[in-house]
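Source file: work-v5.pdb; contents: PDB, C-alpha atoms (C1' of nucleotides).
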```pdb
ATOM      1  CA  MET A   1      -5.174 -14.936 -30.032  1.00  0.00           C
ATOM      2  CA  ILE A   2      -2.010 -14.890 -27.947  1.00  0.00           C
ATOM      3  CA  PRO A   3      -2.474 -13.541 -24.405  1.00  0.00           C
ATOM      4  CA  LEU A   4      -0.024 -11.102 -22.853  1.00  0.00           C
ATOM      5  CA  LYS A   5       2.725 -12.906 -20.945  1.00  0.00           C
ATOM      6  CA  ARG A   6       3.056 -12.813 -17.189  1.00  0.00           C
ATOM      7  CA  SER A   7       6.311 -10.887 -17.571  1.00  0.00           C
ATOM      8  CA  PHE A   8       4.290  -8.018 -19.055  1.00  0.00           C
ATOM      9  CA  PHE A   9       2.570  -7.552 -15.692  1.00  0.00           C
ATOM     10  CA  ASP A  10       5.698  -8.214 -13.639  1.00  0.00           C
ATOM     11  CA  ARG A  11       6.803  -4.576 -13.758  1.00  0.00           C
ATOM     12  CA  LYS A  12       6.164  -1.386 -11.805  1.00  0.00           C
ATOM     13  CA  THR A  13       2.435  -0.754 -11.514  1.00  0.00           C
ATOM     14  CA  ASP A  14       2.530   2.672 -13.155  1.00  0.00           C
ATOM     15  CA  ILE A  15       4.394   1.207 -16.137  1.00  0.00           C
ATOM     16  CA  VAL A  16       1.817  -1.555 -16.513  1.00  0.00           C
ATOM     17  CA  ALA A  17      -1.045   0.951 -16.223  1.00  0.00           C
ATOM     18  CA  ARG A  18       0.461   2.967 -19.061  1.00  0.00           C
ATOM     19  CA  GLU A  19       1.553   0.092 -21.294  1.00  0.00           C
ATOM     20  CA  ILE A  20      -1.729  -1.784 -21.100  1.00  0.00           C
ATOM     21  CA  LEU A  21      -3.595   1.056 -22.797  1.00  0.00           C
ATOM     22  CA  GLY A  22      -4.677  -0.102 -26.243  1.00  0.00           C
ATOM     23  CA  LYS A  23      -4.587  -3.806 -25.344  1.00  0.00           C
ATOM     24  CA  ILE A  24      -7.733  -5.886 -25.721  1.00  0.00           C
ATOM     25  CA  ILE A  25      -9.811  -7.641 -23.078  1.00  0.00           C
ATOM     26  CA  VAL A  26     -11.531 -10.853 -24.184  1.00  0.00           C
ATOM     27  CA  LYS A  27     -14.490 -12.365 -22.339  1.00  0.00           C
ATOM     28  CA  LYS A  28     -15.583 -15.800 -23.501  1.00  0.00           C
ATOM     29  CA  GLU A  29     -19.310 -16.432 -23.237  1.00  0.00           C
ATOM     30  CA  ASN A  30     -21.297 -19.521 -24.169  1.00  0.00           C
ATOM     31  CA  ASN A  31     -21.513 -18.921 -27.896  1.00  0.00           C
ATOM     32  CA  ILE A  32     -19.716 -15.661 -28.501  1.00  0.00           C
ATOM     33  CA  SER A  33     -16.877 -13.588 -27.120  1.00  0.00           C
ATOM     34  CA  LEU A  34     -16.885  -9.966 -26.053  1.00  0.00           C
ATOM     35  CA  PHE A  35     -13.975  -7.716 -26.999  1.00  0.00           C
ATOM     36  CA  GLY A  36     -13.017  -4.307 -25.642  1.00  0.00           C
ATOM     37  CA  LYS A  37      -9.984  -2.060 -26.009  1.00  0.00           C
ATOM     38  CA  ILE A  38      -8.540  -0.640 -22.796  1.00  0.00           C
ATOM     39  CA  VAL A  39      -8.643   3.158 -23.046  1.00  0.00           C
ATOM     40  CA  GLU A  40      -8.424   4.287 -19.400  1.00  0.00           C
ATOM     41  CA  THR A  41      -6.637   2.911 -16.330  1.00  0.00           C
ATOM     42  CA  GLU A  42      -5.524   3.914 -12.844  1.00  0.00           C
ATOM     43  CA  ALA A  43      -2.495   2.640 -10.934  1.00  0.00           C
ATOM     44  CA  TYR A  44      -2.817   1.691  -7.249  1.00  0.00           C
ATOM     45  CA  LEU A  45       0.710   1.387  -6.007  1.00  0.00           C
ATOM     46  CA  GLY A  46       0.513  -0.917  -3.004  1.00  0.00           C
ATOM     47  CA  GLU A  47       0.968  -0.617   0.745  1.00  0.00           C
ATOM     48  CA  ASP A  48       2.521   2.855   0.540  1.00  0.00           C
ATOM     49  CA  ASP A  49      -0.364   4.260  -1.519  1.00  0.00           C
ATOM     50  CA  PRO A  50      -2.969   5.783   0.841  1.00  0.00           C
ATOM     51  CA  ALA A  51      -5.689   5.333  -1.787  1.00  0.00           C
ATOM     52  CA  ALA A  52      -4.975   1.638  -2.430  1.00  0.00           C
ATOM     53  CA  HIS A  53      -6.807  -1.231  -0.779  1.00  0.00           C
ATOM     54  CA  ALA A  54      -3.420  -2.748   0.031  1.00  0.00           C
ATOM     55  CA  PHE A  55      -2.710   0.295   2.223  1.00  0.00           C
ATOM     56  CA  ALA A  56      -4.745  -1.450   4.937  1.00  0.00           C
ATOM     57  CA  GLY A  57      -2.569  -4.528   4.559  1.00  0.00           C
ATOM     58  CA  ARG A  58      -3.235  -8.129   3.729  1.00  0.00           C
ATOM     59  CA  THR A  59      -6.839  -9.307   4.163  1.00  0.00           C
ATOM     60  CA  LYS A  60      -8.972 -11.981   2.572  1.00  0.00           C
ATOM     61  CA  ARG A  61     -10.112  -9.473  -0.032  1.00  0.00           C
ATOM     62  CA  THR A  62      -6.646  -8.215  -0.972  1.00  0.00           C
ATOM     63  CA  GLU A  63      -5.026 -11.650  -0.866  1.00  0.00           C
ATOM     64  CA  VAL A  64      -4.778 -11.987  -4.643  1.00  0.00           C
ATOM     65  CA  LEU A  65      -2.761  -8.752  -4.837  1.00  0.00           C
ATOM     66  CA  TYR A  66       0.066 -10.516  -3.028  1.00  0.00           C
ATOM     67  CA  GLY A  67       0.185 -13.369  -5.521  1.00  0.00           C
ATOM     68  CA  LEU A  68       1.560 -13.598  -9.048  1.00  0.00           C
ATOM     69  CA  PRO A  69       0.960 -10.719 -11.487  1.00  0.00           C
ATOM     70  CA  GLY A  70      -1.507 -11.045 -14.348  1.00  0.00           C
ATOM     71  CA  HIS A  71      -4.435 -12.186 -12.223  1.00  0.00           C
ATOM     72  CA  ALA A  72      -7.778 -10.415 -11.799  1.00  0.00           C
ATOM     73  CA  TYR A  73      -8.607  -8.497  -8.627  1.00  0.00           C
ATOM     74  CA  VAL A  74     -12.362  -7.937  -8.658  1.00  0.00           C
ATOM     75  CA  PHE A  75     -14.128  -6.176  -5.815  1.00  0.00           C
ATOM     76  CA  ARG A  76     -17.635  -4.976  -5.067  1.00  0.00           C
ATOM     77  CA  LEU A  77     -18.288  -1.243  -4.922  1.00  0.00           C
ATOM     78  CA  ARG A  78     -21.827  -0.138  -4.006  1.00  0.00           C
ATOM     79  CA  ALA A  79     -24.082  -1.747  -6.609  1.00  0.00           C
ATOM     80  CA  TYR A  80     -21.245  -2.525  -9.018  1.00  0.00           C
ATOM     81  CA  TYR A  81     -18.016  -4.446  -9.495  1.00  0.00           C
ATOM     82  CA  CYS A  82     -14.577  -3.142 -10.437  1.00  0.00           C
ATOM     83  CA  LEU A  83     -11.899  -5.022 -12.380  1.00  0.00           C
ATOM     84  CA  ASN A  84      -8.199  -4.670 -11.572  1.00  0.00           C
ATOM     85  CA  ILE A  85      -5.145  -6.471 -12.858  1.00  0.00           C
ATOM     86  CA  VAL A  86      -2.452  -7.490 -10.411  1.00  0.00           C
ATOM     87  CA  ALA A  87       0.964  -6.027 -11.255  1.00  0.00           C
ATOM     88  CA  GLU A  88       4.491  -6.453  -9.864  1.00  0.00           C
ATOM     89  CA  SER A  89       5.989  -9.610  -8.450  1.00  0.00           C
ATOM     90  CA  GLU A  90       4.768 -11.780  -5.595  1.00  0.00           C
ATOM     91  CA  ASN A  91       4.227  -9.976  -2.270  1.00  0.00           C
ATOM     92  CA  SER A  92       4.253  -6.594  -4.010  1.00  0.00           C
ATOM     93  CA  PRO A  93       0.533  -5.727  -4.063  1.00  0.00           C
ATOM     94  CA  GLY A  94       0.216  -3.203  -6.903  1.00  0.00           C
ATOM     95  CA  CYS A  95      -2.740  -3.292  -9.274  1.00  0.00           C
ATOM     96  CA  VAL A  96      -4.217  -1.496 -12.267  1.00  0.00           C
ATOM     97  CA  LEU A  97      -7.881  -0.486 -12.260  1.00  0.00           C
ATOM     98  CA  ILE A  98      -9.559  -0.802 -15.660  1.00  0.00           C
ATOM     99  CA  ARG A  99     -11.728   2.311 -15.863  1.00  0.00           C
ATOM    100  CA  ALA A 100     -12.987   2.281 -19.448  1.00  0.00           C
ATOM    101  CA  LEU A 101     -13.111   0.159 -22.592  1.00  0.00           C
ATOM    102  CA  GLU A 102     -13.868   0.929 -26.206  1.00  0.00           C
ATOM    103  CA  PRO A 103     -16.392  -1.768 -27.184  1.00  0.00           C
ATOM    104  CA  LEU A 104     -15.193  -3.757 -30.214  1.00  0.00           C
ATOM    105  CA  GLU A 105     -17.411  -6.817 -30.433  1.00  0.00           C
ATOM    106  CA  GLY A 106     -20.521  -8.125 -28.687  1.00  0.00           C
ATOM    107  CA  PHE A 107     -22.525  -4.892 -28.748  1.00  0.00           C
ATOM    108  CA  ASP A 108     -25.938  -6.546 -28.490  1.00  0.00           C
ATOM    109  CA  LEU A 109     -25.123  -8.314 -25.241  1.00  0.00           C
ATOM    110  CA  MET A 110     -23.527  -5.197 -23.760  1.00  0.00           C
ATOM    111  CA  VAL A 111     -26.528  -3.056 -24.680  1.00  0.00           C
ATOM    112  CA  LYS A 112     -28.879  -5.603 -23.134  1.00  0.00           C
ATOM    113  CA  ARG A 113     -26.933  -5.852 -19.874  1.00  0.00           C
ATOM    114  CA  ARG A 114     -26.447  -2.111 -19.536  1.00  0.00           C
ATOM    115  CA  GLY A 115     -30.031  -1.303 -20.440  1.00  0.00           C
ATOM    116  CA  VAL A 116     -29.043   1.659 -22.594  1.00  0.00           C
ATOM    117  CA  ASP A 117     -30.263   2.757 -26.002  1.00  0.00           C
ATOM    118  CA  LYS A 118     -29.024   0.631 -28.907  1.00  0.00           C
ATOM    119  CA  LYS A 119     -27.182   3.580 -30.435  1.00  0.00           C
ATOM    120  CA  ASP A 120     -25.646   4.779 -27.176  1.00  0.00           C
ATOM    121  CA  LEU A 121     -22.373   2.889 -27.570  1.00  0.00           C
ATOM    122  CA  VAL A 122     -20.399   5.472 -25.596  1.00  0.00           C
ATOM    123  CA  ASN A 123     -22.250   4.573 -22.391  1.00  0.00           C
ATOM    124  CA  LEU A 124     -21.547   0.838 -22.526  1.00  0.00           C
ATOM    125  CA  CYS A 125     -18.098   0.686 -20.936  1.00  0.00           C
ATOM    126  CA  ASN A 126     -17.080   4.253 -19.998  1.00  0.00           C
ATOM    127  CA  GLY A 127     -16.660   3.596 -16.266  1.00  0.00           C
ATOM    128  CA  PRO A 128     -15.257   0.813 -14.050  1.00  0.00           C
ATOM    129  CA  GLY A 129     -18.702  -0.317 -12.892  1.00  0.00           C
ATOM    130  CA  LYS A 130     -20.257   0.004 -16.318  1.00  0.00           C
ATOM    131  CA  LEU A 131     -17.712  -2.177 -18.099  1.00  0.00           C
ATOM    132  CA  CYS A 132     -18.110  -4.937 -15.522  1.00  0.00           C
ATOM    133  CA  GLN A 133     -21.856  -4.808 -16.008  1.00  0.00           C
ATOM    134  CA  ALA A 134     -21.506  -4.909 -19.804  1.00  0.00           C
ATOM    135  CA  PHE A 135     -18.996  -7.792 -19.694  1.00  0.00           C
ATOM    136  CA  ASN A 136     -20.740  -9.538 -16.779  1.00  0.00           C
ATOM    137  CA  ILE A 137     -17.602  -9.529 -14.645  1.00  0.00           C
ATOM    138  CA  ASN A 138     -18.196 -10.330 -10.971  1.00  0.00           C
ATOM    139  CA  LEU A 139     -16.618 -11.986  -7.930  1.00  0.00           C
ATOM    140  CA  ASN A 140     -16.525 -15.304  -9.802  1.00  0.00           C
ATOM    141  CA  HIS A 141     -13.624 -13.775 -11.734  1.00  0.00           C
ATOM    142  CA  TYR A 142     -11.633 -12.952  -8.607  1.00  0.00           C
ATOM    143  CA  GLY A 143      -8.191 -14.503  -9.120  1.00  0.00           C
ATOM    144  CA  CYS A 144      -8.796 -15.348 -12.798  1.00  0.00           C
ATOM    145  CA  ASP A 145      -5.512 -15.792 -14.721  1.00  0.00           C
ATOM    146  CA  LEU A 146      -5.609 -13.176 -17.460  1.00  0.00           C
ATOM    147  CA  THR A 147      -2.518 -14.585 -19.200  1.00  0.00           C
ATOM    148  CA  ASN A 148      -4.230 -17.880 -20.036  1.00  0.00           C
ATOM    149  CA  SER A 149      -6.408 -18.123 -23.157  1.00  0.00           C
ATOM    150  CA  ASP A 150      -8.306 -20.978 -21.501  1.00  0.00           C
ATOM    151  CA  SER A 151      -9.589 -18.510 -18.903  1.00  0.00           C
ATOM    152  CA  GLU A 152     -13.016 -16.983 -19.291  1.00  0.00           C
ATOM    153  CA  LEU A 153     -11.269 -13.630 -19.205  1.00  0.00           C
ATOM    154  CA  PHE A 154      -7.872 -12.724 -20.649  1.00  0.00           C
ATOM    155  CA  ILE A 155      -5.943  -9.939 -22.373  1.00  0.00           C
ATOM    156  CA  ILE A 156      -4.376  -9.946 -25.821  1.00  0.00           C
ATOM    157  CA  GLU A 157      -1.964  -7.768 -27.770  1.00  0.00           C
ATOM    158  CA  ASN A 158      -3.209  -5.117 -30.183  1.00  0.00           C
ATOM    159  CA  GLU A 159      -0.763  -4.782 -33.048  1.00  0.00           C
ATOM    160  CA  ASN A 160       0.550  -1.612 -34.596  1.00  0.00           C
ATOM    161  CA  GLU A 161      -1.503   1.134 -33.100  1.00  0.00           C
ATOM    162  CA  ARG A 162      -0.046   4.527 -32.340  1.00  0.00           C
ATOM    163  CA  ILE A 163      -1.557   6.154 -29.266  1.00  0.00           C
ATOM    164  CA  GLU A 164      -0.981   9.322 -27.298  1.00  0.00           C
ATOM    165  CA  ILE A 165      -1.317   9.089 -23.520  1.00  0.00           C
ATOM    166  CA  ILE A 166      -2.443  11.692 -20.979  1.00  0.00           C
ATOM    167  CA  THR A 167      -2.040  11.416 -17.194  1.00  0.00           C
ATOM    168  CA  THR A 168      -4.349  13.019 -14.613  1.00  0.00           C
ATOM    169  CA  PRO A 169      -5.152  12.575 -10.904  1.00  0.00           C
ATOM    170  CA  ARG A 170      -7.232   9.540  -9.996  1.00  0.00           C
ATOM    171  CA  ILE A 171     -11.006   9.831  -9.758  1.00  0.00           C
ATOM    172  CA  GLY A 172     -13.455   9.201  -6.920  1.00  0.00           C
ATOM    173  CA  ILE A 173     -10.930   8.861  -4.099  1.00  0.00           C
ATOM    174  CA  SER A 174     -10.313  10.985  -1.015  1.00  0.00           C
ATOM    175  CA  LYS A 175      -6.636  10.271  -0.357  1.00  0.00           C
ATOM    176  CA  ALA A 176      -3.541  11.053  -2.428  1.00  0.00           C
ATOM    177  CA  THR A 177      -5.755  13.048  -4.767  1.00  0.00           C
ATOM    178  CA  ASP A 178      -2.768  14.842  -6.261  1.00  0.00           C
ATOM    179  CA  TRP A 179      -1.026  11.732  -7.563  1.00  0.00           C
ATOM    180  CA  ASN A 180      -1.095  11.602 -11.368  1.00  0.00           C
ATOM    181  CA  GLN A 181      -1.872   7.911 -11.633  1.00  0.00           C
ATOM    182  CA  ARG A 182      -4.744   7.958 -14.089  1.00  0.00           C
ATOM    183  CA  TYR A 183      -3.855   7.105 -17.672  1.00  0.00           C
ATOM    184  CA  ILE A 184      -6.079   7.748 -20.682  1.00  0.00           C
ATOM    185  CA  ILE A 185      -5.761   7.559 -24.450  1.00  0.00           C
ATOM    186  CA  LYS A 186      -5.907  11.119 -25.733  1.00  0.00           C
ATOM    187  CA  SER A 187      -9.107  12.131 -27.530  1.00  0.00           C
ATOM    188  CA  ASN A 188     -10.680   8.701 -27.154  1.00  0.00           C
ATOM    189  CA  PRO A 189     -14.466   9.176 -26.868  1.00  0.00           C
ATOM    190  CA  TYR A 190     -14.918   6.087 -24.687  1.00  0.00           C
ATOM    191  CA  ILE A 191     -13.068   7.286 -21.569  1.00  0.00           C
ATOM    192  CA  SER A 192     -15.134   7.933 -18.423  1.00  0.00           C
ATOM    193  CA  LYS A 193     -14.776  11.605 -17.632  1.00  0.00           C
ATOM    194  CA  TYR A 194     -12.112  14.267 -17.690  1.00  0.00           C
ATOM    195  CA  LYS A 195     -10.929  15.827 -14.478  1.00  0.00           C
ATOM    196  CA  PHE A 196      -7.774  17.904 -14.374  1.00  0.00           C
TER     197      PHE A 196
ATOM    198  C1'  DC B   1     -24.005 -10.247  15.580  1.00  0.00           C
ATOM    199  C1'  DT B   2     -23.745  -5.099  14.442  1.00  0.00           C
ATOM    200  C1'  DT B   3     -21.877  -1.251  12.299  1.00  0.00           C
ATOM    201  C1'  DA B   4     -19.618   1.744   8.905  1.00  0.00           C
ATOM    202  C1'  DC B   5     -18.020   2.484   4.534  1.00  0.00           C
ATOM    203  C1'  DG B   6     -17.010   2.746  -0.454  1.00  0.00           C
ATOM    204  C1'  DA B   7     -11.523   3.112  -6.724  1.00  0.00           C
ATOM    205  C1'  DT B   8     -20.006   4.070  -8.689  1.00  0.00           C
ATOM    206  C1'  DT B   9     -23.952   5.101 -11.219  1.00  0.00           C
ATOM    207  C1'  DC B  10     -28.300   6.997 -12.084  1.00  0.00           C
ATOM    208  C1'  DC B  11     -32.057  10.077 -11.210  1.00  0.00           C
ATOM    209  C1'  DC B  12     -34.048  14.543  -9.463  1.00  0.00           C
TER     210       DC B  12
ATOM    211  C1'  DG C   1     -27.654  17.210  -4.788  1.00  0.00           C
ATOM    212  C1'  DG C   2     -29.019  12.415  -3.104  1.00  0.00           C
ATOM    213  C1'  DA C   3     -30.194   7.521  -3.002  1.00  0.00           C
ATOM    214  C1'  DA C   4     -29.466   2.656  -4.175  1.00  0.00           C
ATOM    215  C1'  DT C   5     -27.083  -1.396  -2.665  1.00  0.00           C
ATOM    216  C1'  DC C   6     -24.054  -5.311  -0.680  1.00  0.00           C
ATOM    217  C1'  DG C   7     -19.517  -7.328   0.243  1.00  0.00           C
ATOM    218  C1'  DT C   8     -15.863  -6.468   3.406  1.00  0.00           C
ATOM    219  C1'  DA C   9     -13.582  -5.565   7.716  1.00  0.00           C
ATOM    220  C1'  DA C  10     -13.456  -4.513  12.341  1.00  0.00           C
ATOM    221  C1'  DG C  11     -15.263  -4.540  16.880  1.00  0.00           C
ATOM    222  C1'  DG C  12     -18.409  -6.392  20.676  1.00  0.00           C
TER     223       DG C  12
END
```

Would you mind giving the structure from this file in structure tokens?
Amino acid sequence: MIPLKRSFFDRKTDIVAREILGKIIVKKENNISLFGKIVETEAYLGEDDPAAHAFAGRTKRTEVLYGLPGHAYVFRLRAYYCLNIVAESENSPGCVLIRALEPLEGFDLMVKRRGVDKKDLVNLCNGPGKLCQAFNINLNHYGCDLTNSDSELFIIENENERIEIITTPRIGISKATDWNQRYIIKSNPYISKYKF
DNA sequence: CTTACGATTCCC
DNA sequence: GGAATCGTAAGG
């Protein structure tokens, strides 16, 4: 399992948000690992993006956004957590929100943590808060290096898969609602919800 | 210290 | 439609 290189994330945020679709998130647990394919993302473009946390500038919470790309930016939202990946070079605080995963391995643990029916696989990771609950991602993973296979959390390549990508406005925000910075894999049943 | 506020989810 | 829920940031 070779993780994606840091150079993959050292590009424009919207490019990273698009290119990371189809890649696989790995979460190492005590005895097993959880796997999930990234099927939906959103790009938050930095200090000039009214909807981005970095719009308010550098704070303790957004500090990691200003560091090297390829690290995890996790934040608390209401009763849940959200996972982002830092993009662009140092001092350029763009990030990609992971909004949905297609569960690949570790179903039992995900079902248990989410408290859903055993057959309801669609509802395990089809939302930014849901996937963090299923994968048990929290503030302990703030700053985690996702390009290092020794990390508890990292991202690997997914060979030879042809995917079609759709862009839509971002979801659940009140500013810059007309920016098409949401990226989803067309016809994938594990995305959160359509909104055009 | 106090207050306001969410890149959400679930239930009515 | 409305509530749960808690870390963060800003202001006194």

Item checked: Non-local contacts of B:DT3 (12 Å; only C-alpha atoms (C1' of nucleotides); under 6 positions in same chain excluded) as a ChimeraX atom specification -> /C:8-12

Margin query: Please identify all residues of chain A having at least one atom at most 8 Å from any atom of chain B, considering all atoms listed in the file, and return them as a list in words.
Written below: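 Output check: Ala51, Ala52, Leu77, Arg78, Ala79, Tyr80, Cys82, Leu97, Pro128, Gly129, Ile171, Gly172 and Ile173 of chain A.
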
Next item on the list: Give as an MDAnalysis selection string every residue of chain A that touches chain C within 12 Å, counting all atoms listed in the file.
Entry: chainID A and resid 53 56:62 74:81 138:139

Next item on the list: For atom CA of A:Ile25 and atom CA of A:Asn91, quote the distance in Å rounded to one decimal.
Entry: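 Atom CA of A:Asn91 lies 25.2 Å from atom CA of A:Ile25.
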
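The space between atom CA of A:Asn84 and atom CA of A:Thr177 spans 19.1 Å.
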
Next item on the list: Rounded to one decimal place, report the atom CA of A:Thr168-atom CA of A:Arg182 distance in Å.
Entry: 5.1 Å

Next item on the list: Go through A:Val64, A:Asn160, A:Ile185, A:Pro93 and flag the residue nearest A:His141, using all atoms listed in the file for the distances.
Entry: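 Under the stated criterion, the closest residue is A:Val64.
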
List every protein, DNA or RNA residue with an atom no more than 9 Å from (-26.0, 3.6, -19.4) in the file's coordinates, counting all atoms listed in the file, and format the result as a CSV table (one decimal) with C-alpha atoms (C1' of nucleotides), keeping the file's coordinate frame.
```csv
chain,number,residue,atom,x,y,z
A,111,VAL,CA,-26.5,-3.1,-24.7
A,114,ARG,CA,-26.4,-2.1,-19.5
A,115,GLY,CA,-30.0,-1.3,-20.4
A,116,VAL,CA,-29.0,1.7,-22.6
A,117,ASP,CA,-30.3,2.8,-26.0
A,120,ASP,CA,-25.6,4.8,-27.2
A,121,LEU,CA,-22.4,2.9,-27.6
A,122,VAL,CA,-20.4,5.5,-25.6
A,123,ASN,CA,-22.2,4.6,-22.4
A,124,LEU,CA,-21.5,0.8,-22.5
A,125,CYS,CA,-18.1,0.7,-20.9
A,126,ASN,CA,-17.1,4.3,-20.0
A,130,LYS,CA,-20.3,0.0,-16.3
B,9,DT,C1',-24.0,5.1,-11.2
B,10,DC,C1',-28.3,7.0,-12.1
```

Chain and number of each residue from the PyMOL selection byres ((chain A and resi 38) around 10), as a PDB file with C-alpha atoms, keeping the file's coordinate frame:
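Once everything was written out, this is part.pdb:
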```pdb
ATOM      1  CA  ILE A  20      -1.729  -1.784 -21.100  1.00  0.00           C
ATOM      2  CA  LEU A  21      -3.595   1.056 -22.797  1.00  0.00           C
ATOM      3  CA  GLY A  22      -4.677  -0.102 -26.243  1.00  0.00           C
ATOM      4  CA  LYS A  23      -4.587  -3.806 -25.344  1.00  0.00           C
ATOM      5  CA  ILE A  24      -7.733  -5.886 -25.721  1.00  0.00           C
ATOM      6  CA  ILE A  25      -9.811  -7.641 -23.078  1.00  0.00           C
ATOM      7  CA  PHE A  35     -13.975  -7.716 -26.999  1.00  0.00           C
ATOM      8  CA  GLY A  36     -13.017  -4.307 -25.642  1.00  0.00           C
ATOM      9  CA  LYS A  37      -9.984  -2.060 -26.009  1.00  0.00           C
ATOM     10  CA  VAL A  39      -8.643   3.158 -23.046  1.00  0.00           C
ATOM     11  CA  GLU A  40      -8.424   4.287 -19.400  1.00  0.00           C
ATOM     12  CA  THR A  41      -6.637   2.911 -16.330  1.00  0.00           C
ATOM     13  CA  ILE A  98      -9.559  -0.802 -15.660  1.00  0.00           C
ATOM     14  CA  ARG A  99     -11.728   2.311 -15.863  1.00  0.00           C
ATOM     15  CA  ALA A 100     -12.987   2.281 -19.448  1.00  0.00           C
ATOM     16  CA  LEU A 101     -13.111   0.159 -22.592  1.00  0.00           C
ATOM     17  CA  GLU A 102     -13.868   0.929 -26.206  1.00  0.00           C
ATOM     18  CA  PRO A 103     -16.392  -1.768 -27.184  1.00  0.00           C
ATOM     19  CA  CYS A 125     -18.098   0.686 -20.936  1.00  0.00           C
ATOM     20  CA  ILE A 155      -5.943  -9.939 -22.373  1.00  0.00           C
ATOM     21  CA  ILE A 184      -6.079   7.748 -20.682  1.00  0.00           C
ATOM     22  CA  ILE A 185      -5.761   7.559 -24.450  1.00  0.00           C
ATOM     23  CA  TYR A 190     -14.918   6.087 -24.687  1.00  0.00           C
ATOM     24  CA  ILE A 191     -13.068   7.286 -21.569  1.00  0.00           C
TER      25      ILE A 191
END
```

Notebook entry, point to check: If the PyMOL selection byres ((chain A and resi 96) around 6) is run on the structure shown, which residues does it catch, given as JSON, numbers by chain?
Noted result: {"A": [17, 42, 43, 84, 85, 95, 97]}

Can we get chain C of that structure written down with N, CA and C atoms (P, O5', C5', C4', C3', O3' and C1' of nucleotides), as a short mmCIF file (atom, residue, chain, number, x, y, z; two decimals), in the first residue's frame?
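In the end it all went to result_23.cif:
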```
data_model
loop_
_atom_site.label_atom_id
_atom_site.label_comp_id
_atom_site.auth_asym_id
_atom_site.auth_seq_id
_atom_site.Cartn_x
_atom_site.Cartn_y
_atom_site.Cartn_z
P DG C 1 -39.73 24.78 6.48
"O5'" DG C 1 -39.91 24.35 8.01
"C5'" DG C 1 -41.20 24.47 8.60
"C4'" DG C 1 -41.12 23.82 9.98
"C3'" DG C 1 -39.95 24.36 10.80
"O3'" DG C 1 -40.35 24.52 12.15
"C1'" DG C 1 -39.75 22.01 10.56
P DG C 2 -39.56 25.56 13.07
"O5'" DG C 2 -39.05 24.64 14.28
"C5'" DG C 2 -39.73 23.42 14.60
"C4'" DG C 2 -38.82 22.58 15.50
"C3'" DG C 2 -37.71 23.39 16.19
"O3'" DG C 2 -37.50 22.87 17.48
"C1'" DG C 2 -36.73 21.72 14.87
P DA C 3 -36.67 23.73 18.57
"O5'" DA C 3 -35.95 22.55 19.35
"C5'" DA C 3 -36.57 21.25 19.40
"C4'" DA C 3 -35.49 20.19 19.57
"C3'" DA C 3 -34.34 20.63 20.48
"O3'" DA C 3 -33.96 19.55 21.30
"C1'" DA C 3 -33.49 20.07 18.35
P DA C 4 -33.00 19.80 22.54
"O5'" DA C 4 -31.77 18.87 22.15
"C5'" DA C 4 -32.02 17.54 21.67
"C4'" DA C 4 -30.73 16.93 21.17
"C3'" DA C 4 -29.52 17.22 22.06
"O3'" DA C 4 -28.71 16.07 22.10
"C1'" DA C 4 -29.12 18.04 19.87
P DT C 5 -27.71 15.89 23.32
"O5'" DT C 5 -26.40 16.57 22.77
"C5'" DT C 5 -25.81 16.08 21.59
"C4'" DT C 5 -24.61 16.93 21.25
"C3'" DT C 5 -23.89 17.48 22.49
"O3'" DT C 5 -22.49 17.36 22.34
"C1'" DT C 5 -24.47 19.24 21.05
P DC C 6 -21.69 17.07 23.75
"O5'" DC C 6 -20.38 17.93 23.49
"C5'" DC C 6 -19.58 17.69 22.33
"C4'" DC C 6 -18.84 18.96 21.98
"C3'" DC C 6 -18.29 19.73 23.19
"O3'" DC C 6 -17.06 20.33 22.83
"C1'" DC C 6 -19.57 21.14 21.93
P DG C 7 -15.68 19.76 23.41
"O5'" DG C 7 -14.61 20.29 22.36
"C5'" DG C 7 -14.69 19.86 21.01
"C4'" DG C 7 -14.42 21.01 20.07
"C3'" DG C 7 -13.29 21.93 20.52
"O3'" DG C 7 -12.53 22.28 19.38
"C1'" DG C 7 -15.28 23.19 20.23
P DT C 8 -11.20 23.14 19.50
"O5'" DT C 8 -11.65 24.57 18.97
"C5'" DT C 8 -12.22 24.65 17.68
"C4'" DT C 8 -12.71 26.05 17.42
"C3'" DT C 8 -11.71 27.14 17.80
"O3'" DT C 8 -11.50 27.96 16.66
"C1'" DT C 8 -13.87 27.62 18.67
P DA C 9 -10.26 28.97 16.67
"O5'" DA C 9 -11.02 30.36 16.82
"C5'" DA C 9 -12.15 30.61 16.00
"C4'" DA C 9 -12.81 31.90 16.42
"C3'" DA C 9 -11.82 32.98 16.85
"O3'" DA C 9 -12.27 34.23 16.36
"C1'" DA C 9 -13.34 32.55 18.60
P DA C 10 -11.26 35.47 16.37
"O5'" DA C 10 -12.25 36.60 16.91
"C5'" DA C 10 -13.65 36.46 16.71
"C4'" DA C 10 -14.41 37.18 17.81
"C3'" DA C 10 -13.66 38.40 18.35
"O3'" DA C 10 -14.60 39.45 18.58
"C1'" DA C 10 -14.21 36.97 20.11
P DG C 11 -14.04 40.95 18.75
"O5'" DG C 11 -14.84 41.46 20.02
"C5'" DG C 11 -16.20 41.05 20.23
"C4'" DG C 11 -16.54 41.09 21.71
"C3'" DG C 11 -15.87 42.27 22.44
"O3'" DG C 11 -16.78 42.83 23.36
"C1'" DG C 11 -15.35 40.27 23.52
P DG C 12 -16.40 44.24 24.08
"O5'" DG C 12 -16.67 43.94 25.60
"C5'" DG C 12 -17.84 43.22 26.02
"C4'" DG C 12 -17.72 42.83 27.49
"C3'" DG C 12 -17.08 43.92 28.36
"O3'" DG C 12 -17.73 43.98 29.61
"C1'" DG C 12 -15.81 41.92 28.50
#
```
